[in-house]
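Encoded as structure tokens, the structure appears first; notes follow it.
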Amino acid sequence: MNIYLDAIVVLLTFVGLLFFHGTTVGILRFPDFYTRMHAAGKGDTLSTMLILFGFAAYQLHHPSTATLLVAGKIIFIAVLVFIASPTATHAIMDAGYESEIGAWSAKDGFVSSCLIRKEKGE
Amino acid sequence: MEQIPFLEATPLLAVMASLVAVPLIALSGNRPNLREFWTFLAGGVKLFLVLSMASWILAGHTHTYELWQILPGISLTFVVDGFGMLFALVASSLWILTSIYSIGYMRALDEHAQTRYFCFFAVSLSATLGVAFSGNLLTLYLFYEMLSLSTYPLVTHHQDEEARSGGRKYLTYLLSTSIGLALPAMLITYSITGTLDFNSMGVFGEGVSKGVLVALLLMFVFGFSKAGMMPFHSWLPGAMVAPTPVSALLHAVAVVKVGVFSIGRILTGIFGIDLMASQDLNTIVCIIASFTVLVSSLIALSQDNLKRRLAFSTVGQLSYIILGIGLATKLGVEGGMTHIAMHAFGKITLFFCAGAIFVATGKQYISQMVGIGRRMPITMFAFFVGSLSVIGLPPAGGLISKLMMVRGALEADMAWVLAVYLVSSFLNAAYFLPIVYKAYFCTEEEALFENKVQEAPLCCWLPPAITATISVVLFFYPSIFLGFAQVMMIGR
Amino acid sequence: MDTYFILLGTALILHMFLTLIRVIKGPTVIDRLIGVNIIGTKSTLLIIIIGTALHRVDMFIDIALTYALLNFIVSLAAARFFQRKRTAGLVMEKEVKS
Amino acid sequence: MIQSQLPILIIVMPLLMALVIFLLGHKNEGLCFYLHVLGMAGLFAAALGILDQVVTSGTAIHYYLGGWPAPYGIELVIDHLNSMVIAMVAAVTLLVAFYSRQTVPAEVPMRTEHEKVPLRVRNYYVLYNLLVAGLLGLTATGDAFNLYVLLEIATLSTYGLLALGRGRAYYATFKYLIMGTIGASFYLLGVGYLFIMTGSLNMADLFTLLDTAFMQQSMSITIAFAMILVGVWVKMAFFPFHGWLPNAYTVASTTSSCLIAPLMTKVSVYVMIRLMFSVFSAQYVFEILGWQKIVVPMAAAAILFGSISALGQKNLKRMLTYIVVAEVGYMVGGAWLGNVNGYTGAVYHILADGMMTLCVFMAIGAVSYKTGDASLESMRGIFRKMPVTSVVFLVGAFAMIGIPPTCGFFSKWYLVTGAYEAGQWLFLGALLASSLINAIIFFRIIETGYFPDFNKAHGHGHHTDKTVVAEAPLSMLVPMVITASSLVLIGLFSKDIINNLIRHSVPPGLF
Amino acid sequence: MADFIQALLGHYNNWAFILLLMIGFYAMIAKNNLIKKVIGMSIFQTAIILFYVSMAVKKNSTIPILDHGHGAVEHAIDVAAYASPLPHVLMLTAIVVGVATLGVALAIIQKIHRTYDTIEEDEIMEIIAQ
Amino acid sequence: MKVIAALFSIVLGVVLLVAANDLPIWGDPESPVSVHLSSYFIEHSVEQTSVPNFVTAVLADYRGYDTMFETAVIFCAGITVMTILRRSHRLRKKNVPPRPVREGQDIIICSAARLIVPMMQLFALYVLAHGHHSPGGGFQGGVIFGASFILLALAYDLKTVLSRLKEKTMMLVSGLGVLVYAGIGVLCLFLGGNFLDYSRLASILQVTEIEARSHGILGVEVGVALTVTCIMLSLYADLASGGEMDEGL
Amino acid sequence: MFGFVTFLLMFVLWIVMSGQFDLFHLSLGVISCAIVARMSGDLLFQDRQTDFRTRFGQAWRFAHFTLWLLWQIITANLYILQLALTTRKMVEVLDPHIFSFKSHLKTPFAQFVLANAITLTPGTVTIRIVDGVFTVHAITGQAAGDLEQLDNIQDINEMERRVAAVFEPEILQNTGGDK
Ligand code: NA
Ligand code: NA
């Protein structure tokens, strides 16, 4: 039982870590703000949630009211991250868009903020 | 213990008498007669209180009244002894005369802010008596500073540019020396001895090095710069911008004499005559004083402004007194103390006269006074008597004290001091007598005055007449003041 | 298992340091904000890992939750602030091009 | 019951009053002043009560907060030293409370129809009360860390009070804030080193724990002491940490400067003395460290620097602030002379300087209230226009110069004596020089106030232009006159103050 | 000297706080931008907080909250098992004080910005000097 | 200037390094900090206050006096900032740089906030109520509660929040919080104990003295939380809107 | 009613968080939940028209949706991982661009869910919603394709359809229903 549980825990957390790795490399490698946001938005949310789920599972080692409640709380945090993280991503994205940060395009390299403004229809 | 014939608190009351009058004077500002009544009442009360103690003191007693312990071992204490009494008597009696004179002077010239003037006059008198009756150095210092500050509005009474610069000089000198020299000297004395009470044996016991003593001596002598010892004298001529009654009282009596009195007190009460003599401190004092005497007399010769000439004369005469006390012999000290009174009556006469001339003619310069004696005979006669007293010629009181100091010099085996006295007396004569001569004995053409010039108002010529008379009286009855001085030196 | 968690924590910290490079490099303020936000989220995890390692996770869970909430609010506030300012991107653009 | 609770009452009363004013003043802003005066009067009574209690019993009062015994809980210790400071603070705050009646509404605008929620007068009084609570609390406390907290509340409310001034107030306050934080942080750091070495925060406990050879040789303890010193020096604007003070106090509003200038530096000096002798010991400070060789000359430098800088100022308030800097040098130097006279002078000067700073600041405040500015020119002819104010200023000036029988003379007396005994000639010279410079400074003002404008009225004799007397309102005059008289009274009763209070607080180890 | 270096190495925990302290102190004094000064101030305070909190550390101890799992209420409490609570308490206070100061500082900077239209110290000084 | 500052910093660092020389070894269980007072608190706080969280016991009881002033510090900062930033109507007209207005509401953030805020507030109250048993208490709870309002203000705008929690109420409650704290202290005083001696509350609460201390702690924590909540929001409102109280960030 | 439901939800949350089931702490919980319900009861349920039966249905469908979404998120992360760790140049793998589309969803909550779903799913991130118009950033043309392909207002994309199925099934009927 414990071995399986541990395996689940390790699996969840390790996959989480892997996605986090992707996120990290992504925000370092991707060429512009917008693409980095992709890495940050998706990777951060899932990796955090997975690791949290892993710890919630770990609580089931000694099942009792107390540990179950702790697991519940960890799940609660995961839910929170699920709501909050994309929202934060959106907020940051919107701020960058509003600030007219230059975008990268495969054809032209960096597109200046003027073009962003044009796209915004201003 | 004999019962004292006056109230325990009489010294305090005497000090306070004029202070109490201040609010009364201030409140009756718009009724000049009432205001002056208060001044006279306070003056009378003050003089009465001082006199009430005179016989007791003359009998060889001293009276101590401790008011308030202010620091550990130091109280606000009043001690009435011969020296203090002598000074108090001079100050309080001359106040009344000056008040009469002030009324004449101020009203004749329609001066502004008369109420303020009389208020601060009264405060100054309190401070002066406070100094006279101080039982210790701290009390003395307190009243000394009070006097400096309360005379400032008097000195700068005119409130013009000249008054401002004169007043500035006045306070700068007085405050800087008292804070910068006298105060630390006092503190060091206190640190060494643990007391500041005056004691005829001195407070320094054995074992205080001569270097410290000399340093303290110099700090004290220059610290109380009201005495005008050179090089801290130049405030005095500058302060002559004051109205004449102020110059008269304050610069013939109150302020400068307070300086001299303080130094005298310190020499006799803090150092002690014996210590002075044994440590040769007296020589130092004598050298400083002699220098001042001679130099100031020479400067006086060159002054054309009458009040300035009087001022430099005062500087010299003050040093006479210091010189006398500095001799540290019985006769020298007695003479010095007595000279406070003698010079006071003589010099105040001269100032009164200068003021009277100003009131009557508006003239301030000696060169403009040729022939004035014919127009203002009483005034100029009083002037003549006053100058006799200051020079030290009979029949005026100044001679008596000067003679005593001369004898003191001999007693102290300091013959060179004799020469100083003689030379300076000669110089005195040289700067006073020509004024008198030109006032009376010029030819008709030389006289600068027209016939319509008359004597100043009664209030202006009467006081000099009285003080001149007293100067003469003092020649015949010097013991009025000499007695107090002798009381101080009983047993020597 | 404790060892694994410590290794996990170390790996997380390592990645957080990598993310820090983005925070330092920028080039725009908002780029930095991405990194900060991620580091904040991962700190929540780190708190839980520490709690687990100390066997007091019941105590650390509240701290983690608080941290997650505050991190969200801080990111949001920063984003809102720069959105309002509108200049955050422009200032840095020259650097980007050069 | 109330007797035994006095130590906490003096702290909680202003705190509660701050809240009461905050809550009740919301509807009726006019009420604030009355509540405030009421609170301050009660506070003053309590302070006197506690002073009486200390003098009568002759021992320190210990008050255990929460009922917890000394090193575990926080205790208040009120002894001869701080009962005097408490009384001084209470007196100053009461006087300024009266004084503030007209100045606060004038300088801190009341709520108007259009304003959303300024209520600045109410907030002003709230901050005022918090400042008082902080000051009294840090004076009364016997706990080194509690002192930090209360120091911070006092400073924080000071920022608020100062920032309500005009013109450059914000920038000056900002600099003050940075310096104040540095000071507080250094203090905290110092306490941290004490704590890590001893594990304690209670002052008496620290004193005992530090009294071992190991601790006295410890470099950490030495550096803790240095940190604490630097911290309080910054707070009290001791040269060369004074930079923030002149700007901050100059631009402050009248009431704020009247309140803060006399209290903040003085209480900081008290803190220094308290820590020097109640946490460390005279023996440690003077014999083992022997830093008086550096600190006393620094104090002399502070005095000279402050005085000379003051000499060059045209703005009177600014000039006074430099004098405050110089006065800090007096007290620090006195405390560091290492003898009874120096200590006495320093402690007495806390009281004396508190009152005389208040006096001159109030007088200058009254002048600027009437004339609109505080330049030297605003004093022109002030003796006629505002006779009472002028006299008050005069008394304050005399005290600053050190003319007997004002209190300034007596503090100088002890300081000079102490300096002489300690052979600190530089300090002695600085004391005298500063008296002289003060004389020049104040005399210049007095002269300006006494003489009319020569450009307008020429010659002597008749001044036809009768200046109309335009005296400050009674709410300002009364506290001013009381303050001025207190300067003389403190001077005349100096012996009693010293014998009954200061001499009892002399730490062991001073000779 | 060797002893001294030994001692320094033995107190490696102090390095972090000293380094932060130096950074904060430098920023507070040297930075021209008022906001950066304030940030320096926060770093400075944080360094001190770190110093205090590091005191609380005990080897092999846990957070200063009684562990119910060990049934400690019945038995005597093992002092060595818990970190010292006092430094934490003190720093809670210090943090609050720091935040309060920070708030006031930011408010003042806003006002300065409104008055002088800049938060660069030298520019403010220039404006004041005029 | 920079060189001098750097020099000072280095001197400071060196001095502190030197001081570190004779400090106890890090983590030493025998160090004075671990032994002298702290061990007393660890050993006795449960039996004396029945609070298992030593930090809370020390914070709110043994050193409750500190904490009261700490609350006052927050309160003080709140009104200081408010007083500094609010301008008179006259001044407000001129001299205000126009700020770009945010158009409309951001549906995403608003919706997220609506979900999170109630949970956050409940969590805040939980943190406040469980300060005795877990890391929490008045400050922490207050901060979270205040932050929940800030979140709302970030999502919508300041006006929305201030229409839910009137500014007047907010400020009054912030004062009330300190008053609750000091009031409990004074109450103890009236019940015959020293200031903040919660054991005296036993007679009112009808519990043992030890439990009375525990309840007293909760009482003051509530006061702290009230003040912290309101001042958090107030600070945000003032700072974010420059005293205009309109939009916030 | 909404207040009471909020209270109940909060109390469940309290139970999870508290872990103390004595009367004292439970009553503290009741007080706390009451406070939250009073202060923020209006926040949790934005529109008050929908009755609770409908809401239960929505919740059920939403759970299903979440499962699908989770899978999408995982693919998204795998995609990111692949992009991040690729050895090819970014020019070859990325082709980012920004586009907009008008959503059919009416309620803010549905729009919120859609926006966050877009953000979490592969290749796209929502930048903003203004008056129902979503501005989206796509990392490659392919990723965008799914959302962007439709110019026809009558049409609806996959993601929006799923969200609509949870919250606003009536839209699907109007636009031609499930494909
Ligand atoms: Na605390
Ligand atoms: Na707590």
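Quick note on naming: the chains in the structure tokens go A, B, ... in the order shown, residues restart at 1 in each chain, and ligands are numbered from 1 in order of appearance.
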
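The environment of Ser218 of chain D within 12 Å, counting only C-alpha atoms and disregarding residues fewer than 2 places along the same chain, consists of Tyr193, Leu194, Met197, Thr198, Leu210, Asp211, Thr212, Ala213, Phe214, Met215, Gln216, Ser220, Ile221, Thr222, Ile223, Ala224, Phe225, Tyr284, Ile288 and Leu289 of chain D; Val18, Ala19, Ala20, Asn21, Asp22, Leu23 and Pro24 of chain F.
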
Could you give me, as a PDB file with N, CA, C and O atoms, in the first residue's frame, the residues within 7 Å of Arg29 of chain A, counting only C-alpha atoms and dropping anything in the same chain fewer than 3 positions from it?
ATOM      1  N   VAL A  25      12.656  26.441 -18.789  1.00  0.00           N
ATOM      2  CA  VAL A  25      13.405  26.550 -20.038  1.00  0.00           C
ATOM      3  C   VAL A  25      12.641  27.434 -21.014  1.00  0.00           C
ATOM      4  O   VAL A  25      13.230  28.269 -21.704  1.00  0.00           O
ATOM      5  N   GLY A  26      11.333  27.236 -21.034  1.00  0.00           N
ATOM      6  CA  GLY A  26      10.514  28.037 -21.939  1.00  0.00           C
ATOM      7  C   GLY A  26      10.672  29.520 -21.710  1.00  0.00           C
ATOM      8  O   GLY A  26      10.919  30.280 -22.644  1.00  0.00           O
TER       9      GLY A  26
ATOM     10  N   ALA G  84       9.952  23.882 -25.665  1.00  0.00           N
ATOM     11  CA  ALA G  84      11.041  24.437 -24.874  1.00  0.00           C
ATOM     12  C   ALA G  84      12.315  23.638 -25.056  1.00  0.00           C
ATOM     13  O   ALA G  84      13.406  24.214 -25.092  1.00  0.00           O
TER      14      ALA G  84
END

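Taking only C-alpha atoms and all ligand atoms into account, the residues that come within 6 Å of ligand 2 are F:Thr56, F:Gly131, F:Pro135, F:Gly136, F:Gly137.
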
Could you turn the residues from that selection into a file that holds N, CA, C and O atoms, as an mmCIF file, in the first residue's frame?
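Just written: part_27.cif:
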data_model
loop_
_atom_site.group_PDB
_atom_site.id
_atom_site.type_symbol
_atom_site.label_atom_id
_atom_site.label_comp_id
_atom_site.auth_asym_id
_atom_site.auth_seq_id
_atom_site.Cartn_x
_atom_site.Cartn_y
_atom_site.Cartn_z
ATOM 1 N N THR F 56 2.350 32.778 19.881
ATOM 2 C CA THR F 56 1.141 33.524 20.208
ATOM 3 C C THR F 56 1.097 33.876 21.686
ATOM 4 O O THR F 56 0.755 35.004 22.058
ATOM 5 N N GLY F 131 -5.059 31.065 15.944
ATOM 6 C CA GLY F 131 -3.716 31.513 16.306
ATOM 7 C C GLY F 131 -3.151 30.792 17.506
ATOM 8 O O GLY F 131 -1.933 30.731 17.683
ATOM 9 N N PRO F 135 0.257 28.504 13.302
ATOM 10 C CA PRO F 135 0.831 29.831 13.062
ATOM 11 C C PRO F 135 -0.249 30.754 12.536
ATOM 12 O O PRO F 135 -0.737 30.575 11.433
ATOM 13 N N GLY F 136 -0.615 31.694 13.319
ATOM 14 C CA GLY F 136 -1.692 32.586 12.916
ATOM 15 C C GLY F 136 -1.910 33.603 13.993
ATOM 16 O O GLY F 136 -1.074 33.759 14.874
ATOM 17 N N GLY F 137 -3.030 34.253 13.917
ATOM 18 C CA GLY F 137 -3.329 35.262 14.909
ATOM 19 C C GLY F 137 -3.839 36.523 14.250
ATOM 20 O O GLY F 137 -4.194 36.517 13.077
#

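One distance worth recording is that between atom CA of Lys175 of chain D and atom CA of Trp244 of chain D, which is 6.1 Å.
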
Using only C-alpha atoms, find the residues of chain B whose closest atom to chain D is at most 8 Å away, then write them as an MDAnalysis selection string. chainID B and resid 69:72 110:112 142 145 158:161 164 172 175:176 179:180 184 187:188 191

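Using only C-alpha atoms, one finds that the residues of chain C close to chain G, at 12 Å or less, are Asp58, Met59, Ile61, Asp62, Leu65 and Gln83 of chain C.
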
Any chance you could export the current selection's C-alpha atoms as a PDB file, in the first residue's frame?
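Final output, saved to selection06.pdb:
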ATOM      1  CA  ASP C  58      -0.359  20.733   9.304  1.00  0.00           C
ATOM      2  CA  MET C  59       1.267  23.918  10.558  1.00  0.00           C
ATOM      3  CA  ILE C  61      -0.132  24.394   5.178  1.00  0.00           C
ATOM      4  CA  ASP C  62      -1.700  27.611   6.425  1.00  0.00           C
ATOM      5  CA  LEU C  65      -2.090  28.952   1.537  1.00  0.00           C
ATOM      6  CA  GLN C  83      -1.136  48.051 -17.303  1.00  0.00           C
TER       7      GLN C  83
END

Could the residues that lie within 8 Å of ligand 1, counting only C-alpha atoms and all ligand atoms, be listed as a VMD selection string? (chain E and resid 89 to 94) or (chain F and resid 58 to 60 63 to 68 70)

Quick one: distance from atom CA of Gly177 of chain F to atom CA of Thr71 of chain F in Å, one decimal? 8.2 Å
